[in-house]
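structure.cif (mmCIF, C-alpha atoms)
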data_input
#
loop_
_atom_site.label_atom_id
_atom_site.label_comp_id
_atom_site.auth_asym_id
_atom_site.auth_seq_id
_atom_site.Cartn_x
_atom_site.Cartn_y
_atom_site.Cartn_z
CA MET B 1 20.67 -23.29 29.31
CA ALA B 2 22.79 -23.13 26.18
CA ARG B 3 22.49 -19.83 24.35
CA TRP B 4 22.60 -21.58 21.01
CA GLU B 5 19.53 -23.64 20.19
CA PRO B 6 19.41 -25.77 17.04
CA ASN B 7 16.67 -24.59 14.65
CA ALA B 8 15.40 -22.09 17.20
CA HIS B 9 14.08 -19.76 14.49
CA GLU B 10 12.01 -22.45 12.84
CA ARG B 11 10.85 -23.99 16.14
CA LEU B 12 9.64 -20.58 17.31
CA GLU B 13 7.88 -19.96 14.02
CA ARG B 14 6.07 -23.30 14.13
CA ALA B 15 5.14 -22.79 17.79
CA ALA B 16 3.86 -19.28 17.08
CA LEU B 17 1.69 -20.39 14.15
CA GLU B 18 0.24 -23.24 16.21
CA ALA B 19 -0.49 -20.88 19.10
CA PHE B 20 -2.08 -18.27 16.81
CA ALA B 21 -4.28 -20.97 15.27
CA GLU B 22 -5.30 -22.36 18.66
CA HIS B 23 -5.82 -19.23 20.78
CA GLY B 24 -6.04 -16.48 18.18
CA TYR B 25 -3.33 -13.96 17.37
CA ASP B 26 -4.33 -11.36 19.95
CA ALA B 27 -4.48 -13.80 22.88
CA THR B 28 -1.08 -15.34 22.13
CA THR B 29 1.89 -14.07 24.17
CA VAL B 30 5.61 -14.27 23.46
CA THR B 31 5.99 -16.30 26.68
CA GLY B 32 3.36 -18.74 25.42
CA ILE B 33 5.20 -19.10 22.09
CA ALA B 34 8.59 -19.65 23.77
CA ASP B 35 7.14 -22.20 26.22
CA ARG B 36 5.52 -24.14 23.42
CA ALA B 37 8.83 -24.23 21.52
CA GLY B 38 10.69 -25.31 24.69
CA LEU B 39 12.81 -22.15 24.53
CA THR B 40 13.16 -19.00 26.61
CA LYS B 41 11.60 -15.63 26.02
CA SER B 42 15.09 -14.14 25.56
CA THR B 43 15.80 -16.68 22.79
CA PHE B 44 12.58 -15.52 21.13
CA PHE B 45 13.77 -11.92 21.22
CA ARG B 46 17.10 -12.86 19.67
CA HIS B 47 15.14 -14.02 16.61
CA PHE B 48 12.10 -11.72 16.44
CA ALA B 49 11.37 -8.17 17.60
CA ASP B 50 7.80 -9.15 18.57
CA LYS B 51 5.12 -11.70 17.72
CA ARG B 52 4.08 -9.78 14.62
CA GLU B 53 7.60 -10.19 13.21
CA VAL B 54 7.08 -13.96 13.15
CA LEU B 55 4.56 -13.31 10.38
CA PHE B 56 6.17 -10.36 8.60
CA GLY B 57 9.90 -10.43 9.35
CA GLY B 58 10.55 -12.16 6.03
CA GLN B 59 9.29 -9.13 4.10
CA ASP B 60 12.39 -7.09 4.93
CA VAL B 61 14.52 -9.90 3.51
CA LEU B 62 12.34 -9.89 0.39
CA SER B 63 12.68 -6.16 -0.01
CA ALA B 64 16.47 -6.45 0.10
CA LEU B 65 16.46 -9.37 -2.39
CA PHE B 66 14.23 -7.44 -4.82
CA SER B 67 16.33 -4.28 -4.65
CA GLU B 68 19.64 -6.09 -5.01
CA ALA B 69 18.44 -8.12 -8.01
CA ILE B 70 17.20 -5.00 -9.78
CA ARG B 71 20.41 -3.15 -9.03
CA THR B 72 22.61 -5.96 -10.35
CA ALA B 73 20.58 -6.94 -13.43
CA PRO B 74 22.57 -6.59 -16.69
CA PRO B 75 22.75 -2.97 -17.90
CA ALA B 76 20.77 -3.86 -21.03
CA ALA B 77 17.93 -5.54 -19.10
CA SER B 78 14.49 -4.07 -19.76
CA THR B 79 12.26 -2.96 -16.88
CA VAL B 80 10.23 -6.16 -17.06
CA GLU B 81 13.40 -8.26 -17.16
CA CYS B 82 14.45 -6.48 -13.97
CA LEU B 83 11.13 -7.45 -12.36
CA ALA B 84 11.62 -11.04 -13.52
CA ALA B 85 15.11 -11.05 -11.98
CA ALA B 86 13.71 -9.66 -8.70
CA LEU B 87 11.06 -12.39 -8.53
CA ALA B 88 13.62 -15.09 -9.29
CA ALA B 89 15.90 -13.73 -6.56
CA ALA B 90 13.04 -13.89 -4.05
CA ALA B 91 12.67 -17.63 -4.69
CA VAL B 92 15.48 -18.48 -2.23
CA ALA B 93 13.06 -17.44 0.53
CA PHE B 94 10.43 -19.93 -0.65
CA THR B 95 11.79 -23.21 0.67
CA PRO B 96 9.81 -26.44 1.20
CA GLU B 97 9.69 -25.64 4.94
CA ARG B 98 8.15 -22.27 4.21
CA HIS B 99 5.68 -24.01 1.93
CA ASP B 100 4.54 -26.25 4.79
CA LEU B 101 3.92 -23.26 7.07
CA ALA B 102 2.34 -20.97 4.48
CA PRO B 103 -1.32 -22.09 4.82
CA GLN B 104 -1.24 -21.57 8.60
CA ARG B 105 0.38 -18.17 8.17
CA GLU B 106 -2.24 -17.12 5.62
CA ALA B 107 -5.08 -18.31 7.87
CA VAL B 108 -3.79 -16.21 10.79
CA ILE B 109 -3.53 -13.08 8.65
CA THR B 110 -6.93 -13.58 7.01
CA ALA B 111 -8.61 -13.87 10.42
CA ASN B 112 -7.28 -10.54 11.74
CA SER B 113 -7.99 -7.16 10.17
CA GLU B 114 -4.99 -5.48 11.84
CA LEU B 115 -2.70 -8.11 10.28
CA GLN B 116 -4.36 -7.73 6.88
CA GLU B 117 -3.64 -4.02 7.11
CA ARG B 118 -0.04 -4.78 8.07
CA GLN B 119 0.28 -7.00 5.01
CA LEU B 120 -1.13 -4.23 2.80
CA LEU B 121 1.44 -1.80 4.22
CA LYS B 122 4.32 -4.26 3.84
CA ARG B 123 3.43 -4.79 0.20
CA ALA B 124 3.18 -1.06 -0.40
CA ARG B 125 6.68 -0.79 1.07
CA LEU B 126 7.93 -3.57 -1.21
CA ALA B 127 6.60 -1.56 -4.15
CA SER B 128 8.37 1.58 -2.89
CA ALA B 129 11.65 -0.33 -2.62
CA MET B 130 11.28 -1.77 -6.14
CA ALA B 131 10.41 1.64 -7.60
CA GLU B 132 13.45 3.15 -5.90
CA ALA B 133 15.71 0.44 -7.37
CA LEU B 134 14.24 0.96 -10.86
CA ARG B 135 14.73 4.74 -10.62
CA GLY B 136 18.31 3.96 -9.62
CA ARG B 137 18.75 2.31 -13.04
CA GLY B 138 17.43 5.39 -14.79
CA ALA B 139 13.73 4.51 -15.17
CA ASP B 140 11.51 7.59 -15.12
CA ASP B 141 9.39 7.97 -11.99
CA THR B 142 6.04 7.06 -13.58
CA THR B 143 7.36 3.92 -15.28
CA ALA B 144 9.21 2.91 -12.09
CA ARG B 145 6.10 3.25 -9.94
CA LEU B 146 3.83 1.41 -12.38
CA ALA B 147 6.37 -1.36 -12.96
CA ALA B 148 6.90 -1.75 -9.20
CA GLN B 149 3.16 -2.23 -8.72
CA MET B 150 3.22 -4.89 -11.44
CA GLY B 151 6.13 -6.57 -9.67
CA VAL B 152 4.34 -6.63 -6.33
CA LEU B 153 1.10 -7.85 -7.93
CA ALA B 154 3.05 -10.65 -9.64
CA PHE B 155 4.65 -11.42 -6.31
CA SER B 156 1.42 -11.53 -4.28
CA THR B 157 -0.43 -13.55 -6.93
CA ALA B 158 2.50 -15.97 -7.16
CA TYR B 159 2.79 -16.28 -3.39
CA ALA B 160 -0.88 -17.23 -3.07
CA ARG B 161 -0.56 -19.85 -5.84
CA TRP B 162 2.73 -21.22 -4.56
CA ALA B 163 1.35 -21.55 -0.99
CA VAL B 164 -1.48 -23.90 -2.03
CA PRO B 165 -0.67 -27.28 -0.37
CA ALA B 166 -0.95 -29.28 -3.60
CA ASN B 167 1.36 -26.95 -5.55
CA ARG B 168 4.56 -28.58 -6.87
CA HIS B 169 5.84 -25.76 -9.12
CA THR B 170 8.76 -23.57 -8.09
CA PHE B 171 8.11 -20.04 -6.95
CA THR B 172 10.06 -18.64 -9.92
CA GLU B 173 7.98 -20.55 -12.50
CA ILE B 174 4.75 -19.33 -10.93
CA ALA B 175 5.96 -15.76 -10.49
CA HIS B 176 7.19 -15.46 -14.08
CA ALA B 177 3.88 -16.79 -15.39
CA ALA B 178 2.05 -14.23 -13.21
CA LEU B 179 4.27 -11.45 -14.54
CA ARG B 180 3.62 -12.45 -18.17
CA ASP B 181 -0.10 -12.49 -17.39
CA LEU B 182 0.15 -8.97 -15.95
CA GLN B 183 1.96 -7.81 -19.08
CA THR B 184 -0.98 -9.01 -21.15
CA ARG B 185 -3.42 -7.07 -18.93
CA ALA B 186 -1.17 -3.99 -19.01
CA THR B 187 -1.22 -3.98 -22.81
CA ALA B 188 -5.00 -4.39 -22.82
CA LEU B 189 -5.49 -1.51 -20.35
CA GLY B 190 -2.94 0.63 -22.15
CA THR B 191 -4.71 0.33 -25.47
CA GLU B 192 -8.27 0.89 -24.21
CA ALA B 193 -10.13 4.01 -25.40
CA ASP B 194 -8.39 7.27 -24.50
CA ALA B 195 -9.17 7.99 -20.84
CA GLY B 196 -11.32 11.05 -20.28
CA ALA B 197 -11.71 11.71 -24.01
CA GLY B 198 -15.35 12.60 -23.41
CA VAL B 199 -14.68 15.25 -20.78
CA ARG B 200 -11.92 17.26 -22.41
CA ALA B 201 -12.72 20.75 -23.63
CA MET J 202 -20.99 28.66 24.15
CA ALA J 203 -23.05 27.87 21.09
CA ARG J 204 -22.72 24.26 19.92
CA TRP J 205 -22.83 25.32 16.30
CA GLU J 206 -19.75 27.17 15.08
CA PRO J 207 -19.59 28.61 11.57
CA ASN J 208 -16.83 27.00 9.46
CA ALA J 209 -15.60 25.02 12.46
CA HIS J 210 -14.26 22.23 10.27
CA GLU J 211 -12.18 24.54 8.14
CA ARG J 212 -11.05 26.69 11.08
CA LEU J 213 -9.84 23.57 12.92
CA GLU J 214 -8.06 22.31 9.82
CA ARG J 215 -6.24 25.62 9.30
CA ALA J 216 -5.34 25.84 12.99
CA ALA J 217 -4.05 22.25 13.01
CA LEU J 218 -1.86 22.77 9.93
CA GLU J 219 -0.43 25.99 11.41
CA ALA J 220 0.28 24.25 14.71
CA PHE J 221 1.89 21.22 12.99
CA ALA J 222 4.11 23.57 10.98
CA GLU J 223 5.07 25.61 14.03
CA HIS J 224 5.56 22.96 16.74
CA GLY J 225 5.84 19.74 14.73
CA TYR J 226 3.13 17.11 14.40
CA ASP J 227 4.11 15.06 17.46
CA ALA J 228 4.22 18.03 19.84
CA THR J 229 0.83 19.39 18.77
CA THR J 230 -2.16 18.54 20.98
CA VAL J 231 -5.87 18.59 20.23
CA THR J 232 -6.29 21.22 22.98
CA GLY J 233 -3.65 23.37 21.28
CA ILE J 234 -5.45 23.07 17.94
CA ALA J 235 -8.85 23.93 19.44
CA ASP J 236 -7.42 26.92 21.37
CA ARG J 237 -5.77 28.27 18.25
CA ALA J 238 -9.06 27.98 16.35
CA GLY J 239 -10.95 29.64 19.23
CA LEU J 240 -13.08 26.54 19.68
CA THR J 241 -13.45 23.85 22.33
CA LYS J 242 -11.90 20.41 22.40
CA SER J 243 -15.36 18.86 22.22
CA THR J 244 -16.05 20.82 19.01
CA PHE J 245 -12.81 19.35 17.62
CA PHE J 246 -14.02 15.85 18.41
CA ARG J 247 -17.34 16.47 16.67
CA HIS J 248 -15.33 17.01 13.47
CA PHE J 249 -12.29 14.71 13.76
CA ALA J 250 -11.58 11.45 15.60
CA ASP J 251 -8.02 12.60 16.39
CA LYS J 252 -5.32 14.94 15.09
CA ARG J 253 -4.26 12.44 12.42
CA GLU J 254 -7.75 12.57 10.93
CA VAL J 255 -7.24 16.26 10.15
CA LEU J 256 -4.69 15.08 7.58
CA PHE J 257 -6.28 11.84 6.39
CA GLY J 258 -10.03 12.04 7.07
CA GLY J 259 -10.63 13.06 3.46
CA GLN J 260 -9.33 9.73 2.17
CA ASP J 261 -12.44 7.87 3.34
CA VAL J 262 -14.56 10.35 1.39
CA LEU J 263 -12.35 9.74 -1.66
CA SER J 264 -12.66 5.99 -1.34
CA ALA J 265 -16.46 6.29 -1.33
CA LEU J 266 -16.41 8.67 -4.33
CA PHE J 267 -14.16 6.32 -6.33
CA SER J 268 -16.25 3.24 -5.58
CA GLU J 269 -19.57 4.94 -6.32
CA ALA J 270 -18.32 6.36 -9.64
CA ILE J 271 -17.06 2.96 -10.77
CA ARG J 272 -20.29 1.28 -9.71
CA THR J 273 -22.46 3.78 -11.56
CA ALA J 274 -20.39 4.15 -14.75
CA PRO J 275 -22.35 3.19 -17.92
CA PRO J 276 -22.52 -0.61 -18.40
CA ALA J 277 -20.50 -0.34 -21.64
CA ALA J 278 -17.68 1.69 -20.02
CA SER J 279 -14.24 0.13 -20.36
CA THR J 280 -12.04 -0.41 -17.28
CA VAL J 281 -9.99 2.70 -18.04
CA GLU J 282 -13.17 4.74 -18.57
CA CYS J 283 -14.26 3.60 -15.12
CA LEU J 284 -10.95 4.87 -13.70
CA ALA J 285 -11.44 8.18 -15.53
CA ALA J 286 -14.95 8.47 -14.06
CA ALA J 287 -13.59 7.75 -10.57
CA LEU J 288 -10.93 10.45 -10.89
CA ALA J 289 -13.49 12.96 -12.19
CA ALA J 290 -15.81 12.14 -9.27
CA ALA J 291 -12.98 12.80 -6.80
CA ALA J 292 -12.60 16.33 -8.16
CA VAL J 293 -15.43 17.64 -5.94
CA ALA J 294 -13.04 17.16 -2.99
CA PHE J 295 -10.40 19.38 -4.60
CA THR J 296 -11.78 22.85 -3.97
CA PRO J 297 -9.80 26.14 -4.06
CA GLU J 298 -9.75 26.07 -0.22
CA ARG J 299 -8.20 22.63 -0.26
CA HIS J 300 -5.69 23.88 -2.81
CA ASP J 301 -4.59 26.66 -0.42
CA LEU J 302 -4.01 24.18 2.41
CA ALA J 303 -2.37 21.43 0.32
CA PRO J 304 1.27 22.61 0.47
CA GLN J 305 1.13 22.83 4.29
CA ARG J 306 -0.48 19.40 4.51
CA GLU J 307 2.18 17.89 2.25
CA ALA J 308 4.99 19.51 4.26
CA VAL J 309 3.67 18.01 7.52
CA ILE J 310 3.43 14.52 6.02
CA THR J 311 6.85 14.70 4.35
CA ALA J 312 8.48 15.65 7.67
CA ASN J 313 7.15 12.63 9.59
CA SER J 314 7.87 9.00 8.72
CA GLU J 315 4.85 7.68 10.63
CA LEU J 316 2.59 9.96 8.58
CA GLN J 317 4.29 8.92 5.33
CA GLU J 318 3.56 5.33 6.26
CA ARG J 319 -0.05 6.25 7.02
CA GLN J 320 -0.33 7.83 3.57
CA LEU J 321 1.11 4.69 1.96
CA LEU J 322 -1.47 2.56 3.78
CA LYS J 323 -4.35 4.90 2.92
CA ARG J 324 -3.41 4.72 -0.76
CA ALA J 325 -3.15 0.94 -0.61
CA ARG J 326 -6.68 0.96 0.83
CA LEU J 327 -7.89 3.24 -1.96
CA ALA J 328 -6.52 0.70 -4.44
CA SER J 329 -8.31 -2.14 -2.63
CA ALA J 330 -11.59 -0.23 -2.77
CA MET J 331 -11.18 0.50 -6.49
CA ALA J 332 -10.30 -3.12 -7.25
CA GLU J 333 -13.36 -4.28 -5.34
CA ALA J 334 -15.60 -1.91 -7.32
CA LEU J 335 -14.08 -3.09 -10.63
CA ARG J 336 -14.58 -6.75 -9.70
CA GLY J 337 -18.18 -5.81 -8.88
CA ARG J 338 -18.58 -4.83 -12.56
CA GLY J 339 -17.23 -8.21 -13.69
CA ALA J 340 -13.54 -7.40 -14.18
CA ASP J 341 -11.32 -10.41 -13.51
CA ASP J 342 -9.24 -10.18 -10.34
CA THR J 343 -5.86 -9.58 -12.03
CA THR J 344 -7.15 -6.83 -14.32
CA ALA J 345 -9.06 -5.24 -11.41
CA ARG J 346 -5.97 -5.14 -9.20
CA LEU J 347 -3.65 -3.80 -11.91
CA ALA J 348 -6.19 -1.21 -13.05
CA ALA J 349 -6.78 -0.10 -9.44
CA GLN J 350 -3.04 0.48 -9.01
CA MET J 351 -3.07 2.55 -12.20
CA GLY J 352 -6.00 4.53 -10.82
CA VAL J 353 -4.24 5.25 -7.53
CA LEU J 354 -0.98 6.14 -9.31
CA ALA J 355 -2.90 8.55 -11.54
CA PHE J 356 -4.56 9.95 -8.44
CA SER J 357 -1.35 10.46 -6.44
CA THR J 358 0.55 11.94 -9.40
CA ALA J 359 -2.38 14.24 -10.12
CA TYR J 360 -2.73 15.30 -6.50
CA ALA J 361 0.94 16.30 -6.33
CA ARG J 362 0.65 18.32 -9.56
CA TRP J 363 -2.65 19.91 -8.60
CA ALA J 364 -1.31 20.93 -5.16
CA VAL J 365 1.53 23.04 -6.58
CA PRO J 366 0.69 26.66 -5.61
CA ALA J 367 1.02 28.00 -9.18
CA ASN J 368 -1.27 25.33 -10.68
CA ARG J 369 -4.46 26.67 -12.32
CA HIS J 370 -5.70 23.47 -13.99
CA THR J 371 -8.63 21.51 -12.60
CA PHE J 372 -8.00 18.26 -10.79
CA THR J 373 -9.92 16.32 -13.45
CA GLU J 374 -7.82 17.68 -16.32
CA ILE J 375 -4.60 16.83 -14.52
CA ALA J 376 -5.82 13.40 -13.40
CA HIS J 377 -7.00 12.40 -16.88
CA ALA J 378 -3.67 13.46 -18.39
CA ALA J 379 -1.87 11.37 -15.74
CA LEU J 380 -4.07 8.39 -16.53
CA ARG J 381 -3.38 8.66 -20.27
CA ASP J 382 0.33 8.86 -19.46
CA LEU J 383 0.06 5.67 -17.37
CA GLN J 384 -1.71 3.93 -20.24
CA THR J 385 1.27 4.72 -22.48
CA ARG J 386 3.68 3.25 -19.89
CA ALA J 387 1.43 0.21 -19.40
CA THR J 388 1.52 -0.54 -23.12
CA ALA J 389 5.31 -0.13 -23.17
CA LEU J 390 5.76 -2.47 -20.19
CA GLY J 391 3.23 -4.93 -21.56
CA THR J 392 5.03 -5.26 -24.86
CA GLU J 393 8.58 -5.56 -23.50
CA ALA J 394 10.43 -8.86 -24.03
CA ASP J 395 8.64 -11.86 -22.54
CA ALA J 396 9.41 -11.86 -18.81
CA GLY J 397 11.54 -14.76 -17.65
CA ALA J 398 11.97 -16.13 -21.18
CA GLY J 399 15.58 -16.87 -20.36
CA VAL J 400 14.86 -18.98 -17.31
CA ARG J 401 12.07 -21.21 -18.55
CA ALA J 402 12.81 -24.91 -18.99
#
Take the structure in the file and write it out as structure tokens.
Amino acid sequence: MARWEPNAHERLERAALEAFAEHGYDATTVTGIADRAGLTKSTFFRHFADKREVLFGGQDVLSALFSEAIRTAPPAASTVECLAAALAAAAVAFTPERHDLAPQREAVITANSELQERQLLKRARLASAMAEALRGRGADDTTARLAAQMGVLAFSTAYARWAVPANRHTFTEIAHAALRDLQTRATALGTEADAGAGVRA
Amino acid sequence: MARWEPNAHERLERAALEAFAEHGYDATTVTGIADRAGLTKSTFFRHFADKREVLFGGQDVLSALFSEAIRTAPPAASTVECLAAALAAAAVAFTPERHDLAPQREAVITANSELQERQLLKRARLASAMAEALRGRGADDTTARLAAQMGVLAFSTAYARWAVPANRHTFTEIAHAALRDLQTRATALGTEADAGAGVRA
């Protein structure tokens, strides 16, 4: 069998999502995924470390895109402009093909508490990577960590909206709108009554 | 041997932290911890599910304290006042004994990447619990999620400051100061130039 298979990555991803939907995530094996895609188990392992990576492998790519965009934003860019640049850079990962697969992917994760926890951890790691990149530009630690959480919230909100089958907006448009919305909430929370005023000595 | 052992929980915790520091977390066994504390393995398992729980068991207590404080805050309390109430409620967990053990606990976690990841996940779960409690009071989803991240950032910053051996301030004082500081950053980020203004059509 040829070692090079056209579209192997995408065929394996589609096969995996179908298998997860049909048999459940836990009952699906790598052999079952490879068979369904008409490929070998060793081809699977050239593309993914394990079946979980089919769902989450893209997050490492995202983390690298976010960090690089923040690092290379113009020196005068504000913190929020850096977040906007990071979200725009991530858009290359959100192709029409990915859009087609997104609802299945979301359904698999929603049905499995271990996968939900994995998603929570992956997003916490995305925030750590963004905070690190912002500190690298000279942001103080507190601002970097708060801004990174805003960036990841904008990302996760935007991803959910973008993944809706009827959506026709680009990921960047949706993500920038989500970020502006978060800025509004941040201002509102920032200007609420002084926290803990009633308990100070 | 008597089934009831005075201060067993604390003795096991001290013994575990000593053993982790001496032999490393991975090489420490539950039997080794129990022996060092002069207690049996079955006594250990009446107090902790496994050796990891010695480090992280308290986080479930925290999650419950946060949620309950947010749920029972006065109806007129603002979102930030709810966060301040949650942080004040958590203070009962931060006793002088806990303060003595904190530097050892932090050193064990810092030395082990799996434990750092566990801490990241536990904090992400704390944020989820806080967001859920805020939504329960009628906060919209975006505000609840952003505010919960502010709450957990205030918590983690405050914990690190409180744990410093020379610190003599109460956890609540430190946490409320951290929260006010985050409010200042939130306002600054919220009022920065409109995100993505340059890329809109």
Self-check item: Given the PyMOL selection byres ((chain J) within 6 of (chain B)), the residues it picks as number ranges by chain
Solution: J: 282, 285, 322, 344, 377, 381, 384-388, 391, 396-397
Output C-alpha atoms for every residue in that selection, as a short mmCIF file (atom, residue, chain, number, x, y, z; two decimals), in the frame of the given file.
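After the write, again-v2.cif holds the following:
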data_model
loop_
_atom_site.label_atom_id
_atom_site.label_comp_id
_atom_site.auth_asym_id
_atom_site.auth_seq_id
_atom_site.Cartn_x
_atom_site.Cartn_y
_atom_site.Cartn_z
CA GLU J 282 -13.17 4.74 -18.57
CA ALA J 285 -11.44 8.18 -15.53
CA LEU J 322 -1.47 2.56 3.78
CA THR J 344 -7.15 -6.83 -14.32
CA HIS J 377 -7.00 12.40 -16.88
CA ARG J 381 -3.38 8.66 -20.27
CA GLN J 384 -1.71 3.93 -20.24
CA THR J 385 1.27 4.72 -22.48
CA ARG J 386 3.68 3.25 -19.89
CA ALA J 387 1.43 0.21 -19.40
CA THR J 388 1.52 -0.54 -23.12
CA GLY J 391 3.23 -4.93 -21.56
CA ALA J 396 9.41 -11.86 -18.81
CA GLY J 397 11.54 -14.76 -17.65
#
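Evaluated on this file, the PyMOL selection byres ((chain B and resi 11) around 12) matches Glu5, Pro6, Asn7, Ala8, His9, Glu10, Leu12, Glu13, Arg14, Ala15, Ala16, Leu17, Glu18, Ile33, Ala34, Asp35, Arg36, Ala37, Gly38, Leu39, Thr40, Thr43, Phe44, His47, Val54, Glu97 and Leu101 of chain B.
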Please save C-alpha atoms of the selected residues as a PDB file, keeping the file's coordinate frame.
ATOM      1  CA  GLU B   5      19.530 -23.640  20.190  1.00  0.00           C
ATOM      2  CA  PRO B   6      19.410 -25.770  17.040  1.00  0.00           C
ATOM      3  CA  ASN B   7      16.670 -24.590  14.650  1.00  0.00           C
ATOM      4  CA  ALA B   8      15.400 -22.090  17.200  1.00  0.00           C
ATOM      5  CA  HIS B   9      14.080 -19.760  14.490  1.00  0.00           C
ATOM      6  CA  GLU B  10      12.010 -22.450  12.840  1.00  0.00           C
ATOM      7  CA  LEU B  12       9.640 -20.580  17.310  1.00  0.00           C
ATOM      8  CA  GLU B  13       7.880 -19.960  14.020  1.00  0.00           C
ATOM      9  CA  ARG B  14       6.070 -23.300  14.130  1.00  0.00           C
ATOM     10  CA  ALA B  15       5.140 -22.790  17.790  1.00  0.00           C
ATOM     11  CA  ALA B  16       3.860 -19.280  17.080  1.00  0.00           C
ATOM     12  CA  LEU B  17       1.690 -20.390  14.150  1.00  0.00           C
ATOM     13  CA  GLU B  18       0.240 -23.240  16.210  1.00  0.00           C
ATOM     14  CA  ILE B  33       5.200 -19.100  22.090  1.00  0.00           C
ATOM     15  CA  ALA B  34       8.590 -19.650  23.770  1.00  0.00           C
ATOM     16  CA  ASP B  35       7.140 -22.200  26.220  1.00  0.00           C
ATOM     17  CA  ARG B  36       5.520 -24.140  23.420  1.00  0.00           C
ATOM     18  CA  ALA B  37       8.830 -24.230  21.520  1.00  0.00           C
ATOM     19  CA  GLY B  38      10.690 -25.310  24.690  1.00  0.00           C
ATOM     20  CA  LEU B  39      12.810 -22.150  24.530  1.00  0.00           C
ATOM     21  CA  THR B  40      13.160 -19.000  26.610  1.00  0.00           C
ATOM     22  CA  THR B  43      15.800 -16.680  22.790  1.00  0.00           C
ATOM     23  CA  PHE B  44      12.580 -15.520  21.130  1.00  0.00           C
ATOM     24  CA  HIS B  47      15.140 -14.020  16.610  1.00  0.00           C
ATOM     25  CA  VAL B  54       7.080 -13.960  13.150  1.00  0.00           C
ATOM     26  CA  GLU B  97       9.690 -25.640   4.940  1.00  0.00           C
ATOM     27  CA  LEU B 101       3.920 -23.260   7.070  1.00  0.00           C
TER      28      LEU B 101
END
Evaluate the PyMOL selection byres ((chain J and resi 223-229) around 10) against this structure - the residues, as a PDB file with C-alpha atoms, in the coordinates of the input, please.
ATOM      1  CA  ALA J 217      -4.050  22.250  13.010  1.00  0.00           C
ATOM      2  CA  LEU J 218      -1.860  22.770   9.930  1.00  0.00           C
ATOM      3  CA  GLU J 219      -0.430  25.990  11.410  1.00  0.00           C
ATOM      4  CA  ALA J 220       0.280  24.250  14.710  1.00  0.00           C
ATOM      5  CA  PHE J 221       1.890  21.220  12.990  1.00  0.00           C
ATOM      6  CA  ALA J 222       4.110  23.570  10.980  1.00  0.00           C
ATOM      7  CA  THR J 230      -2.160  18.540  20.980  1.00  0.00           C
ATOM      8  CA  VAL J 231      -5.870  18.590  20.230  1.00  0.00           C
ATOM      9  CA  THR J 232      -6.290  21.220  22.980  1.00  0.00           C
ATOM     10  CA  GLY J 233      -3.650  23.370  21.280  1.00  0.00           C
ATOM     11  CA  ILE J 234      -5.450  23.070  17.940  1.00  0.00           C
ATOM     12  CA  LYS J 252      -5.320  14.940  15.090  1.00  0.00           C
ATOM     13  CA  ARG J 253      -4.260  12.440  12.420  1.00  0.00           C
ATOM     14  CA  VAL J 309       3.670  18.010   7.520  1.00  0.00           C
ATOM     15  CA  ILE J 310       3.430  14.520   6.020  1.00  0.00           C
ATOM     16  CA  ALA J 312       8.480  15.650   7.670  1.00  0.00           C
ATOM     17  CA  ASN J 313       7.150  12.630   9.590  1.00  0.00           C
ATOM     18  CA  LEU J 316       2.590   9.960   8.580  1.00  0.00           C
TER      19      LEU J 316
END
So that I can check the surroundings of B:His99, please list as an mmCIF file with C-alpha atoms, keeping the file's coordinate frame every protein, DNA and RNA residue that reaches within 10 Å of it, counting all atoms listed in the file and ignoring chain neighbours fewer than 3 positions away.
data_model
loop_
_atom_site.group_PDB
_atom_site.id
_atom_site.type_symbol
_atom_site.label_atom_id
_atom_site.label_comp_id
_atom_site.auth_asym_id
_atom_site.auth_seq_id
_atom_site.Cartn_x
_atom_site.Cartn_y
_atom_site.Cartn_z
ATOM 1 C CA ALA B 93 13.060 -17.440 0.530
ATOM 2 C CA PHE B 94 10.430 -19.930 -0.650
ATOM 3 C CA THR B 95 11.790 -23.210 0.670
ATOM 4 C CA PRO B 96 9.810 -26.440 1.200
ATOM 5 C CA ALA B 102 2.340 -20.970 4.480
ATOM 6 C CA PRO B 103 -1.320 -22.090 4.820
ATOM 7 C CA GLN B 104 -1.240 -21.570 8.600
ATOM 8 C CA TYR B 159 2.790 -16.280 -3.390
ATOM 9 C CA TRP B 162 2.730 -21.220 -4.560
ATOM 10 C CA ALA B 163 1.350 -21.550 -0.990
ATOM 11 C CA VAL B 164 -1.480 -23.900 -2.030
ATOM 12 C CA PRO B 165 -0.670 -27.280 -0.370
ATOM 13 C CA ASN B 167 1.360 -26.950 -5.550
ATOM 14 C CA ARG B 168 4.560 -28.580 -6.870
#
Quiz item: In Å to one decimal, how far is atom CA of B:Arg161 from atom CA of B:Ile174?
Solution: 7.4 Å
Exercise. Find the residue from J:Phe267, J:Ser314, J:Phe249, J:Ala367 that sits nearest to J:Val353; use all atoms listed in the file when measuring.
Key: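 Using all atoms listed in the file, the shortest distance to J:Val353 belongs to J:Phe267.
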Quiz prompt | Given only C-alpha atoms as the counted atoms, nearest of J:Met331, J:Arg306, J:Ala292, J:Phe257 to J:Glu269 | solution =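 Once distances to J:Glu269 are computed over only C-alpha atoms, the minimum belongs to J:Met331.
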Quiz item: Between atom CA of J:Ala290 and atom CA of J:Arg272, what is the spacing in Å?
Solution: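 If I compute the distance from atom CA of J:Arg272 to atom CA of J:Ala290, I get 11.8 Å.
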Quiz item: Looking at B:Ala127, B:Val92, B:Ala76, B:Ala148, which one is nearest to B:Ser63, with distances taken over all atoms listed in the file?
Solution: B:Ala127
Quiz item: Separation of atom CA of J:Asp342 and atom CA of B:Phe155, in Å?
Solution: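 Straight-line distance from atom CA of J:Asp342 to atom CA of B:Phe155 works out to 14.5 Å.
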